[in-house]
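Content type compact mmCIF, C-alpha atoms, from the file work.txt:
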```
# COMPACT_ATOMS: atom_id res chain seq x y z
CA MET L 1 39.05 -65.12 -16.05
CA LYS L 2 37.34 -63.16 -18.82
CA LYS L 3 34.62 -65.79 -18.89
CA LEU L 4 34.14 -65.47 -15.14
CA VAL L 5 33.81 -61.69 -15.45
CA LEU L 6 31.24 -62.12 -18.21
CA LEU L 7 29.32 -64.66 -16.14
CA LEU L 8 29.42 -62.42 -13.08
CA SER L 9 28.21 -59.42 -15.05
CA LEU L 10 25.38 -61.50 -16.46
CA VAL L 11 24.42 -62.58 -12.95
CA VAL L 12 24.55 -58.97 -11.76
CA ALA L 13 22.56 -57.78 -14.79
CA PHE L 14 19.95 -60.45 -14.17
CA GLY L 15 19.85 -59.63 -10.47
CA LEU L 16 19.36 -55.95 -11.19
CA SER L 17 16.65 -56.54 -13.73
CA ALA L 18 14.80 -58.98 -11.47
CA PRO L 19 12.71 -56.29 -9.70
CA ALA L 20 11.44 -55.30 -13.13
CA TYR L 21 9.37 -58.48 -13.29
CA ALA L 22 6.05 -56.86 -12.72
CA HIS L 23 3.77 -57.96 -15.48
CA PHE L 24 0.63 -55.96 -16.09
CA GLN L 25 -2.15 -56.66 -18.53
CA THR L 26 -3.68 -53.42 -19.81
CA ILE L 27 -7.08 -52.41 -21.06
CA TYR L 28 -5.94 -49.03 -22.30
CA THR L 29 -7.71 -46.05 -23.80
CA PRO L 30 -6.48 -42.44 -23.44
CA GLN L 31 -9.50 -41.07 -21.53
CA SER L 32 -11.67 -42.88 -18.96
CA ALA L 33 -14.24 -40.11 -18.38
CA LEU L 34 -15.98 -39.13 -21.62
CA SER L 35 -18.57 -36.41 -22.03
CA LYS L 36 -20.67 -38.16 -24.68
CA THR L 37 -21.10 -41.19 -26.95
CA GLN L 38 -17.98 -41.48 -29.11
CA LYS L 39 -15.57 -43.75 -30.95
CA ILE L 40 -12.68 -45.09 -28.88
CA ASN L 41 -9.67 -47.33 -29.36
CA ILE L 42 -8.79 -49.90 -26.71
CA LYS L 43 -5.47 -51.71 -26.48
CA LEU L 44 -4.83 -54.96 -24.64
CA ILE L 45 -1.10 -55.16 -23.93
CA PHE L 46 0.76 -57.52 -21.57
CA THR L 47 3.78 -55.49 -20.56
CA HIS L 48 5.90 -53.85 -17.87
CA PRO L 49 4.25 -50.41 -17.94
CA TRP L 50 6.48 -48.54 -15.52
CA GLU L 51 9.61 -49.11 -17.60
CA ALA L 52 7.78 -49.50 -20.93
CA GLY L 53 9.81 -52.69 -20.83
CA HIS L 54 9.52 -56.25 -22.08
CA THR L 55 6.16 -56.86 -23.75
CA MET L 56 4.90 -60.44 -23.70
CA ASP L 57 2.91 -62.32 -26.34
CA ILE L 58 -0.54 -62.56 -24.73
CA GLY L 59 -1.51 -66.22 -24.21
CA LYS L 60 1.86 -67.80 -25.14
CA ASP L 61 2.37 -71.22 -23.55
CA GLN L 62 5.57 -73.13 -22.70
CA SER L 63 5.88 -74.51 -26.23
CA GLY L 64 5.64 -71.01 -27.72
CA THR L 65 2.10 -71.41 -29.07
CA ILE L 66 -0.03 -68.28 -28.75
CA HIS L 67 -3.57 -69.08 -27.58
CA PRO L 68 -6.44 -66.67 -28.33
CA PRO L 69 -7.99 -64.59 -25.52
CA ILE L 70 -10.69 -66.28 -23.43
CA ALA L 71 -13.05 -63.37 -22.75
CA PHE L 72 -13.35 -59.68 -23.59
CA GLY L 73 -16.38 -57.47 -23.23
CA PHE L 74 -18.06 -54.85 -21.08
CA MET L 75 -20.91 -54.50 -18.63
CA HIS L 76 -23.29 -51.53 -18.96
CA LYS L 77 -26.44 -51.05 -16.87
CA GLY L 78 -26.06 -54.61 -15.58
CA LYS L 79 -25.94 -56.19 -19.05
CA LYS L 80 -22.79 -57.78 -20.45
CA LYS L 81 -21.74 -57.48 -24.08
CA ASP L 82 -19.23 -59.95 -25.52
CA LEU L 83 -16.68 -58.28 -27.82
CA ILE L 84 -14.16 -61.08 -28.25
CA GLU L 85 -14.85 -61.39 -31.99
CA THR L 86 -14.03 -57.70 -32.52
CA LEU L 87 -10.44 -58.00 -31.23
CA LYS L 88 -7.67 -57.49 -33.79
CA ALA L 89 -4.18 -58.88 -33.25
CA ILE L 90 -1.50 -56.17 -33.32
CA THR L 91 2.23 -56.01 -32.69
CA PHE L 92 3.04 -53.67 -29.82
CA THR L 93 6.51 -52.17 -29.54
CA SER L 94 8.01 -51.50 -26.12
CA LEU L 95 11.33 -49.75 -25.52
CA SER L 96 13.08 -53.14 -25.71
CA ASN L 97 11.07 -55.55 -27.88
CA GLU L 98 7.81 -56.38 -29.68
CA GLY L 99 4.92 -58.53 -28.52
CA ARG L 100 1.53 -59.84 -29.60
CA ALA L 101 -1.23 -57.56 -28.35
CA TYR L 102 -4.81 -56.80 -29.37
CA ASP L 103 -6.85 -53.74 -30.07
CA VAL L 104 -10.39 -52.77 -30.98
CA ASN L 105 -12.00 -49.66 -32.45
CA MET L 106 -15.55 -49.26 -31.25
CA LYS L 107 -18.28 -46.80 -30.50
CA LEU L 108 -18.82 -46.38 -26.77
CA LYS L 109 -22.52 -45.64 -26.67
CA GLY L 110 -24.87 -44.75 -23.86
CA MET L 111 -24.68 -42.67 -20.69
CA GLY L 112 -23.16 -44.36 -17.66
CA ASP L 113 -20.40 -46.81 -16.77
CA HIS L 114 -18.89 -49.32 -19.17
CA VAL L 115 -16.94 -51.89 -17.15
CA PHE L 116 -14.50 -53.54 -19.57
CA TYR L 117 -13.09 -56.94 -18.69
CA PHE L 118 -10.46 -59.18 -20.25
CA VAL L 119 -9.41 -62.77 -19.53
CA PRO L 120 -6.32 -63.86 -21.48
CA ALA L 121 -5.14 -67.44 -21.93
CA PRO L 122 -2.42 -68.17 -19.32
CA TYR L 123 1.07 -66.96 -20.29
CA TYR L 124 4.14 -69.07 -19.49
CA GLU L 125 6.81 -67.02 -17.72
CA GLY L 126 10.07 -68.91 -18.18
CA ALA L 127 12.02 -66.77 -15.70
CA GLU L 128 9.72 -67.93 -12.88
CA ASP L 129 8.61 -71.28 -14.40
CA ILE L 130 4.97 -70.39 -13.77
CA TYR L 131 1.87 -69.48 -15.76
CA ILE L 132 0.34 -66.02 -15.29
CA GLN L 133 -3.28 -65.12 -16.06
CA GLN L 134 -4.28 -61.54 -15.35
CA CYS L 135 -8.04 -60.97 -15.22
CA THR L 136 -8.25 -57.28 -15.97
CA LYS L 137 -10.81 -54.49 -15.60
CA ALA L 138 -10.97 -50.84 -16.67
CA ILE L 139 -14.03 -48.64 -16.23
CA TYR L 140 -14.99 -45.91 -18.68
CA ASN L 141 -17.85 -43.48 -18.12
CA ILE L 142 -20.03 -41.35 -20.35
CA ALA L 143 -21.66 -38.12 -19.12
CA GLY L 144 -21.13 -38.75 -15.41
CA ALA L 145 -24.02 -41.11 -14.65
CA PRO L 146 -22.86 -43.75 -12.17
CA THR L 147 -24.38 -47.11 -13.17
CA ASP L 148 -22.01 -50.08 -12.78
CA TRP L 149 -18.61 -49.00 -11.44
CA ASP L 150 -19.10 -50.55 -7.98
CA ALA L 151 -20.76 -53.76 -9.16
CA LEU L 152 -19.23 -57.23 -9.32
CA VAL L 153 -18.85 -58.33 -12.96
CA GLY L 154 -18.67 -62.02 -11.98
CA ASP L 155 -18.60 -64.55 -14.83
CA PRO L 156 -16.31 -64.64 -16.87
CA LEU L 157 -13.94 -63.08 -14.28
CA PRO L 158 -12.84 -65.61 -11.61
CA VAL L 159 -11.05 -62.84 -9.71
CA GLU L 160 -11.56 -59.07 -9.78
CA ILE L 161 -10.94 -55.85 -7.90
CA ILE L 162 -14.13 -54.02 -6.93
CA PRO L 163 -13.66 -50.24 -6.66
CA LEU L 164 -14.88 -48.39 -3.58
CA ASP L 165 -14.18 -45.02 -5.25
CA LYS L 166 -15.23 -44.11 -8.79
CA PRO L 167 -12.12 -45.05 -10.77
CA TYR L 168 -12.70 -42.40 -13.47
CA SER L 169 -13.23 -39.39 -11.21
CA ILE L 170 -9.93 -39.25 -9.39
CA TRP L 171 -8.07 -35.98 -9.51
CA LYS L 172 -4.47 -35.50 -8.50
CA GLY L 173 -4.18 -35.67 -4.70
CA MET L 174 -7.16 -37.98 -4.25
CA SER L 175 -6.99 -41.60 -3.08
CA PHE L 176 -8.47 -44.84 -4.31
CA ARG L 177 -9.85 -47.82 -2.41
CA GLY L 178 -10.75 -51.24 -3.70
CA VAL L 179 -11.55 -54.78 -2.58
CA VAL L 180 -9.75 -57.83 -3.96
CA THR L 181 -12.24 -60.63 -4.63
CA CYS L 182 -12.21 -64.25 -5.78
CA GLY L 183 -15.54 -65.81 -6.76
CA GLY L 184 -17.22 -62.66 -5.42
CA LYS L 185 -15.68 -63.07 -1.92
CA PRO L 186 -12.99 -60.81 -0.44
CA VAL L 187 -9.41 -62.11 -0.47
CA PRO L 188 -7.89 -61.25 2.96
CA ASP L 189 -4.31 -59.94 3.12
CA ALA L 190 -3.97 -59.97 -0.70
CA GLU L 191 -0.56 -58.94 -1.98
CA ILE L 192 -0.86 -56.07 -4.46
CA GLU L 193 1.59 -54.51 -6.88
CA VAL L 194 0.96 -50.95 -8.01
CA THR L 195 2.33 -49.73 -11.31
CA TYR L 196 2.30 -46.47 -13.24
CA MET L 197 2.18 -45.96 -16.98
CA ASN L 198 5.34 -43.88 -16.99
CA HIS L 199 5.56 -43.78 -20.77
CA ASN L 200 2.59 -42.69 -22.87
CA ILE L 201 1.30 -44.85 -25.68
CA GLU L 202 1.30 -43.42 -29.20
CA GLY L 203 -0.04 -45.66 -31.93
CA ASN L 204 1.18 -49.18 -31.15
CA LYS L 205 4.24 -48.23 -29.16
CA PHE L 206 5.50 -46.64 -25.97
CA VAL L 207 7.18 -43.23 -26.24
CA THR L 208 10.63 -42.92 -24.67
CA LYS L 209 9.82 -39.82 -22.59
CA GLU L 210 9.13 -40.54 -18.92
CA ASN L 211 6.17 -38.88 -17.18
CA MET L 212 7.96 -38.85 -13.84
CA GLU L 213 11.31 -39.74 -12.38
CA ILE L 214 11.31 -42.85 -10.20
CA PRO L 215 12.80 -41.97 -6.77
CA GLN L 216 14.28 -45.47 -6.35
CA PRO L 217 13.99 -47.94 -9.26
CA ASP L 218 14.35 -51.07 -7.12
CA LEU L 219 11.15 -50.14 -5.26
CA VAL L 220 9.13 -50.30 -8.47
CA PRO L 221 6.43 -51.59 -8.65
CA ILE L 222 5.13 -50.28 -5.35
CA GLY L 223 4.08 -53.07 -2.99
CA ILE L 224 1.01 -52.79 -0.80
CA LYS L 225 -1.31 -55.27 0.96
CA ALA L 226 -5.03 -55.60 1.44
CA ASP L 227 -6.34 -55.81 5.01
CA SER L 228 -8.24 -58.75 6.52
CA ASN L 229 -11.33 -57.72 4.52
CA GLY L 230 -9.47 -57.66 1.21
CA GLU L 231 -9.65 -53.86 1.19
CA PHE L 232 -6.76 -51.59 0.20
CA SER L 233 -6.19 -47.91 -0.42
CA PHE L 234 -3.61 -45.93 -2.35
CA THR L 235 -2.85 -42.23 -2.74
CA PHE L 236 -1.44 -41.25 -6.12
CA PRO L 237 1.68 -39.08 -6.34
CA ASN L 238 1.06 -38.16 -9.97
CA ALA L 239 -1.57 -37.90 -12.69
CA GLY L 240 -1.84 -40.64 -15.31
CA TRP L 241 -2.85 -44.30 -15.50
CA TRP L 242 -2.21 -46.45 -12.42
CA GLY L 243 -2.59 -50.22 -12.30
CA PHE L 244 -3.29 -52.48 -9.33
CA CYS L 245 -2.46 -56.18 -9.54
CA ALA L 246 -3.55 -58.57 -6.76
CA LEU L 247 -1.08 -61.43 -7.17
CA GLY L 248 -2.46 -64.96 -7.02
CA ALA L 249 -5.94 -63.75 -6.00
CA GLY L 250 -7.32 -67.01 -7.46
CA GLY L 251 -5.50 -69.10 -4.82
CA ASP L 252 -3.37 -72.21 -5.40
CA LEU L 253 -3.96 -73.18 -9.02
CA LYS L 254 -2.18 -75.34 -11.61
CA TYR L 255 -2.07 -75.05 -15.40
CA ASN L 256 -0.27 -77.51 -17.70
CA GLY L 257 1.35 -79.02 -14.59
CA LYS L 258 2.84 -75.66 -13.52
CA GLU L 259 1.86 -73.16 -10.85
CA LEU L 260 -0.74 -70.69 -12.16
CA SER L 261 -0.77 -67.18 -10.73
CA GLN L 262 -4.29 -65.94 -11.41
CA ASP L 263 -4.12 -62.20 -10.74
CA ALA L 264 -6.82 -59.50 -10.54
CA VAL L 265 -5.85 -56.26 -12.31
CA LEU L 266 -7.65 -52.90 -12.25
CA TRP L 267 -6.68 -49.66 -14.01
CA VAL L 268 -7.45 -46.23 -12.58
CA GLN L 269 -6.91 -42.86 -14.27
CA VAL L 270 -5.77 -39.88 -12.22
CA VAL L 271 -6.46 -36.51 -13.82
CA ASP L 272 -4.17 -33.51 -13.32
CA ILE L 273 -5.52 -30.26 -11.89
CA LYS L 274 -4.39 -26.81 -12.86
CA MET N 1 -47.65 -24.19 24.12
CA LYS N 2 -46.78 -21.44 21.63
CA LYS N 3 -43.13 -22.30 22.11
CA ILE N 4 -43.76 -25.95 21.31
CA LEU N 5 -45.62 -24.94 18.15
CA ILE N 6 -42.74 -22.71 17.10
CA TYR N 7 -40.25 -25.50 17.70
CA LEU N 8 -42.49 -27.93 15.84
CA PHE N 9 -42.77 -25.51 12.92
CA GLY N 10 -39.01 -25.01 12.94
CA PHE N 11 -38.45 -28.75 12.99
CA LEU N 12 -40.86 -29.31 10.09
CA ALA N 13 -39.30 -26.46 8.12
CA ALA N 14 -35.84 -27.91 8.69
CA LEU N 15 -37.10 -31.35 7.68
CA PHE N 16 -38.62 -29.89 4.51
CA PHE N 17 -35.42 -28.03 3.73
CA PHE N 18 -33.22 -31.09 4.20
CA THR N 19 -35.57 -33.35 2.27
CA THR N 20 -35.59 -30.92 -0.63
CA TYR N 21 -31.87 -30.64 -0.39
CA ALA N 22 -31.54 -34.40 -0.75
CA PHE N 23 -32.72 -34.03 -4.35
CA ALA N 24 -30.06 -31.49 -5.13
CA HIS N 25 -27.88 -33.77 -7.21
CA THR N 26 -26.55 -32.79 -10.56
CA PRO N 27 -28.95 -33.52 -13.41
CA LEU N 28 -27.36 -35.36 -16.32
CA CYS N 29 -28.45 -35.66 -19.92
CA SER N 30 -26.55 -37.10 -22.88
CA CYS N 31 -27.80 -37.57 -26.44
CA TYR N 32 -26.65 -39.40 -29.55
CA ASP N 33 -27.72 -39.55 -33.18
CA ASN N 34 -29.03 -43.01 -34.09
CA GLY N 35 -28.11 -42.42 -37.72
CA ASP N 36 -31.65 -43.16 -38.88
CA GLY N 37 -33.12 -39.67 -38.54
CA THR N 38 -33.79 -40.05 -34.82
CA ILE N 39 -32.01 -38.82 -31.70
CA THR N 40 -31.96 -40.63 -28.35
CA CYS N 41 -31.33 -38.79 -25.10
CA GLU N 42 -30.59 -40.49 -21.81
CA GLY N 43 -31.05 -38.80 -18.47
CA GLY N 44 -30.22 -39.36 -14.84
CA PHE N 45 -28.76 -37.79 -11.72
CA SER N 46 -25.22 -37.85 -10.38
CA ASP N 47 -26.26 -40.08 -7.47
CA GLY N 48 -27.46 -42.74 -9.89
CA SER N 49 -31.18 -42.06 -9.50
CA SER N 50 -33.58 -42.42 -12.41
CA ALA N 51 -34.86 -39.60 -14.61
CA ALA N 52 -38.09 -41.43 -15.46
CA GLY N 53 -40.91 -38.95 -16.10
CA VAL N 54 -38.68 -35.90 -16.48
CA SER N 55 -40.04 -33.36 -19.00
CA MET N 56 -38.19 -33.23 -22.33
CA THR N 57 -38.58 -30.46 -24.91
CA VAL N 58 -36.97 -30.05 -28.31
CA GLN N 59 -36.82 -26.39 -29.37
CA ASP N 60 -36.11 -24.91 -32.77
CA LYS N 61 -33.78 -21.95 -33.38
CA SER N 62 -36.40 -19.46 -32.18
CA GLY N 63 -36.97 -21.35 -28.92
CA LYS N 64 -40.33 -22.72 -30.05
CA ALA N 65 -41.09 -26.25 -28.84
CA VAL N 66 -41.24 -28.66 -31.77
CA THR N 67 -41.40 -31.89 -29.77
CA GLU N 68 -42.45 -32.44 -26.17
CA GLY N 69 -42.49 -35.56 -24.06
CA ARG N 70 -41.15 -37.30 -20.98
CA MET N 71 -38.30 -39.65 -20.13
CA THR N 72 -39.39 -43.31 -20.23
CA GLU N 73 -38.97 -45.76 -17.37
CA ASP N 74 -35.46 -46.46 -18.71
CA SER N 75 -34.70 -42.70 -18.54
CA GLU N 76 -34.63 -42.43 -22.34
CA PHE N 77 -36.31 -40.10 -24.82
CA THR N 78 -36.19 -40.66 -28.59
CA PHE N 79 -37.41 -38.08 -31.09
CA LYS N 80 -37.29 -37.26 -34.81
CA LYS N 81 -34.28 -35.10 -35.62
CA PRO N 82 -35.41 -31.57 -36.63
CA SER N 83 -34.11 -30.26 -39.94
CA GLY N 84 -32.42 -27.06 -38.69
CA ASP N 85 -30.65 -25.98 -35.50
CA TYR N 86 -32.26 -27.27 -32.34
CA MET N 87 -31.85 -27.55 -28.58
CA VAL N 88 -32.87 -30.40 -26.27
CA VAL N 89 -34.08 -29.30 -22.84
CA PHE N 90 -34.12 -31.78 -19.94
CA ASP N 91 -36.24 -30.11 -17.25
CA ALA N 92 -36.36 -31.76 -13.83
CA GLY N 93 -37.46 -28.55 -12.09
CA PRO N 94 -35.82 -25.26 -11.06
CA GLY N 95 -32.02 -25.57 -10.94
CA HIS N 96 -32.21 -28.99 -12.53
CA VAL N 97 -32.28 -28.11 -16.21
CA VAL N 98 -29.82 -29.41 -18.80
CA GLU N 99 -29.68 -27.95 -22.30
CA VAL N 100 -28.00 -29.96 -25.05
CA PRO N 101 -27.41 -28.07 -28.34
CA GLY N 102 -28.18 -30.14 -31.44
CA SER N 103 -24.75 -29.26 -32.85
CA GLU N 104 -23.13 -31.28 -30.04
CA ILE N 105 -25.21 -34.37 -30.75
CA THR N 106 -23.27 -36.73 -33.00
CA GLU N 107 -23.43 -40.37 -34.05
```
Give the structure from the file, written as C-alpha cells.
Amino acid sequence: MKKLVLLLSLVVAFGLSAPAYAHFQTIYTPQSALSKTQKINIKLIFTHPWEAGHTMDIGKDQSGTIHPPIAFGFMHKGKKKDLIETLKAITFTSLSNEGRAYDVNMKLKGMGDHVFYFVPAPYYEGAEDIYIQQCTKAIYNIAGAPTDWDALVGDPLPVEIIPLDKPYSIWKGMSFRGVVTCGGKPVPDAEIEVTYMNHNIEGNKFVTKENMEIPQPDLVPIGIKADSNGEFSFTFPNAGWWGFCALGAGGDLKYNGKELSQDAVLWVQVVDIK
Amino acid sequence: MKKILIYLFGFLAALFFFTTYAFAHTPLCSCYDNGDGTITCEGGFSDGSSAAGVSMTVQDKSGKAVTEGRMTEDSEFTFKKPSGDYMVVFDAGPGHVVEVPGSEITE
C-alpha cells in the first residue's frame, strides 16, 4: 500500500511538473539597447527561464556526450562575424541543478544593430525521447541606428524569427510582432511558446526572487500561434526579457534515429517606464 | 486665374514643407577610441539613412575647431585624438546637430 502511495505521488508529481517542460536557449546580456561601444558579457544557457528550473547541458546526446556548439556569431551592417572560438564553457546554476553553459566577454563595437545567433548541437530530451535544437537570436543595438534588426540572418540558421518591431525598443505596454521562417520562407500556423525570465541572472546563477507572480502556473509558458503567413504578435504584461520559441519550425526532421525538434528562438527586452 | 495661382502656391508650399519634414529624423552619432591615438565616429539617422557627407568638427576647450572634415561614404569619420578636452560636433543642418564630449568617448 505504501509503495502504491509512493508510486501515485510520483505520477502526480511528474504530471504536475510536465507543463514545466518548456526549454529555452538563451543569448543573454543585461541590456539590449546600449548608448555606445562597450564591453558586454553574453551567456548561452539552455534552461527553463520562467521557473529558473532545470538547466540542461547544451549539446548532450543520448549517450551523455556533450557536443560543442555548431555556430555562434553576430551580423552587423550585413556582415557576419564568427565568434565560436571565443566561447568559454561555464557551469550555470538554476534553482534546482547545474548545467553546461557558455559565456563570452567581448567588446560590442560600432553604431547599429548586432544580431547575435547561436546554433547548438542537438540535445537529447529523455522525458520526450526526442532531440531538441534551438536556433536562437538576440539583437543588441548601439546608439539607436537601425541597421540589421529586420534582416534575415540566413546561414548558419536553418530557422529563425524575423522581427517586425525593433526588439530592443519596446517599452512596457507595447507589443511585438515577428515572422517564423524556415529557409527564409514563412512557416504558416507555427506553434509558439512564450516565456519570461522571471528570475534575474547574477553571475552564473539565477536569483530566487521572482519578478512577477504567475497568475496560473499550469498556463506557463504562454501558448500562441502564428497566422497563415507565419506572423504573430504579443503584448507584454511586464518589463524584462521575453522569449519566443517556434516549436519544430524546421519541419519533420530526424537526428540519431530520433525525432528532432528544430526550434526558432528570439529574445526581446521590454523596458519599464516610470 | 489669381485663385489658381494662390492654390498652386499653397500646394507647392505644402509640398516643400512636407518634403522638408521627411528629413526630420533624429540625427545619431557615436564615437569610440581606437586605442592607437585616433577616434572614430559613426553617424546616421534614426530611419536608417546614411550620414555620408555630413560636416564633422572637433573643437578644443575654447570651442576652436582643431579638426574639420566630413563623414565618409560609410558614415564614418576618424581623427587624431586631441591632447586636452574636446568636443565632436556632427552637423547635419539646423536642428540636426549632435555634440559628443571627448570625456564620453572610451575604448
Counting all atoms listed in the file, chain N residues within 8 Å of chain L, as a list in words: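 Those within range of chain L come out as Leu28, Cys29, Ser30, Cys31, Tyr32, Glu42, Gly43, Gly44, Phe45, Ser46, Asp47, Gly48, Thr106 and Glu107 of chain N.
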Two-atom distance - CA of His114 (chain L), CA of Ala138 (chain L) (Å):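 So the answer is 8.4 Å.
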Distance criterion (all atoms listed in the file): nearest to Lys61 (chain N) out of N:Glu76, N:Asp91, N:Asp33, N:Asp85: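 Answer, going by the shortest atom-to-atom distance: N:Asp85.
You can rank L:Gly240, L:Tyr255, L:Gly178, L:Gly248 by their closest distance to His199 (chain L) using only C-alpha atoms, and at the top of that list sits L:Gly240.
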Residue list as a list in words for point (-25.3, -30.8, -28.8), cut-off 9 Å, all atoms listed in the file: Ser30, Cys31, Tyr32, Tyr86, Met87, Val88, Glu99, Val100, Pro101, Gly102, Ser103, Glu104, Ile105 and Thr106 of chain N
Spatial sel., origin (-40.4, -40.3, -17.2), limit 12 Å, only C-alpha atoms, listed as a count of residues only: 22
Option closest in space to Ser62 (chain N), from N:His96, N:Gly84, N:Ser49, N:Thr78 [counting only C-alpha atoms]: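 Of all the options, N:Gly84 lies closest to Ser62 (chain N).
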d(CA of Met75 (chain L), CA of Lys60 (chain L)) in Å: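 Computing the Euclidean distance for CA of Met75 (chain L) and CA of Lys60 (chain L) yields 27.2 Å.
For the pair CA of Val159 (chain L) and CA of Thr91 (chain L), the separation is 27.4 Å.
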Contacts of region 186-190 of chain L at 10 Å (all atoms listed in the file; same-chain gap of 5+ positions) as a ChimeraX atom specification: /L:159-162,179-181,224-232,245-251
To box region 241-255 of chain L, take all atoms listed in the file, fit an axis-aligned box, add 6 Å on each side, and give centre and edge lengths in Å to one decimal, as AutoDock Vina command-line options.
```
--center_x -4.2 --center_y -59.8 --center_z -10.2 --size_x 18.2 --size_y 43.0 --size_z 22.7
```
From L:Ala264, L:Ile90, L:Val119, L:Leu34, residue lying nearest Ile192 (chain L) [all atoms listed in the file]: L:Ala264
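Between Tyr124 (chain L) and the candidates L:Ser261, L:Thr235, L:Asn97, L:Asn211, the tightest atom-to-atom separation, counting all atoms listed in the file, involves L:Ser261.
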Output as a short mmCIF file (atom, residue, chain, number, x, y, z; two decimals), keeping the file's coordinate frame: region 23-39 of chain L, completed with N, CA and C atoms.
```cif
data_model
loop_
_atom_site.label_atom_id
_atom_site.label_comp_id
_atom_site.auth_asym_id
_atom_site.auth_seq_id
_atom_site.Cartn_x
_atom_site.Cartn_y
_atom_site.Cartn_z
N HIS L 23 4.60 -57.89 -14.28
CA HIS L 23 3.77 -57.96 -15.48
C HIS L 23 2.44 -57.28 -15.23
N PHE L 24 1.97 -56.55 -16.21
CA PHE L 24 0.63 -55.96 -16.09
C PHE L 24 -0.09 -56.06 -17.42
N GLN L 25 -1.27 -56.64 -17.37
CA GLN L 25 -2.15 -56.66 -18.53
C GLN L 25 -2.91 -55.34 -18.57
N THR L 26 -2.94 -54.68 -19.73
CA THR L 26 -3.68 -53.42 -19.81
C THR L 26 -5.01 -53.60 -20.54
N ILE L 27 -5.94 -52.73 -20.19
CA ILE L 27 -7.08 -52.41 -21.06
C ILE L 27 -6.96 -50.90 -21.16
N TYR L 28 -6.33 -50.43 -22.25
CA TYR L 28 -5.94 -49.03 -22.30
C TYR L 28 -6.73 -48.22 -23.32
N THR L 29 -7.20 -47.07 -22.89
CA THR L 29 -7.71 -46.05 -23.80
C THR L 29 -7.26 -44.72 -23.20
N PRO L 30 -7.06 -43.67 -24.01
CA PRO L 30 -6.48 -42.44 -23.44
C PRO L 30 -7.33 -41.78 -22.35
N GLN L 31 -8.65 -41.78 -22.49
CA GLN L 31 -9.50 -41.07 -21.53
C GLN L 31 -10.57 -41.99 -20.94
N SER L 32 -10.68 -42.00 -19.60
CA SER L 32 -11.67 -42.88 -18.96
C SER L 32 -13.00 -42.18 -18.75
N ALA L 33 -12.99 -40.85 -18.61
CA ALA L 33 -14.24 -40.11 -18.38
C ALA L 33 -14.58 -39.31 -19.63
N LEU L 34 -15.61 -39.76 -20.35
CA LEU L 34 -15.98 -39.13 -21.62
C LEU L 34 -17.27 -38.33 -21.43
N SER L 35 -17.39 -37.25 -22.23
CA SER L 35 -18.57 -36.41 -22.03
C SER L 35 -19.78 -36.90 -22.82
N LYS L 36 -19.53 -37.66 -23.90
CA LYS L 36 -20.67 -38.16 -24.68
C LYS L 36 -20.28 -39.40 -25.49
N THR L 37 -21.29 -40.04 -26.08
CA THR L 37 -21.10 -41.19 -26.95
C THR L 37 -20.03 -40.88 -27.99
N GLN L 38 -19.03 -41.73 -28.12
CA GLN L 38 -17.98 -41.48 -29.11
C GLN L 38 -17.20 -42.74 -29.43
N LYS L 39 -16.41 -42.63 -30.53
CA LYS L 39 -15.57 -43.75 -30.95
C LYS L 39 -14.30 -43.77 -30.10
#
```
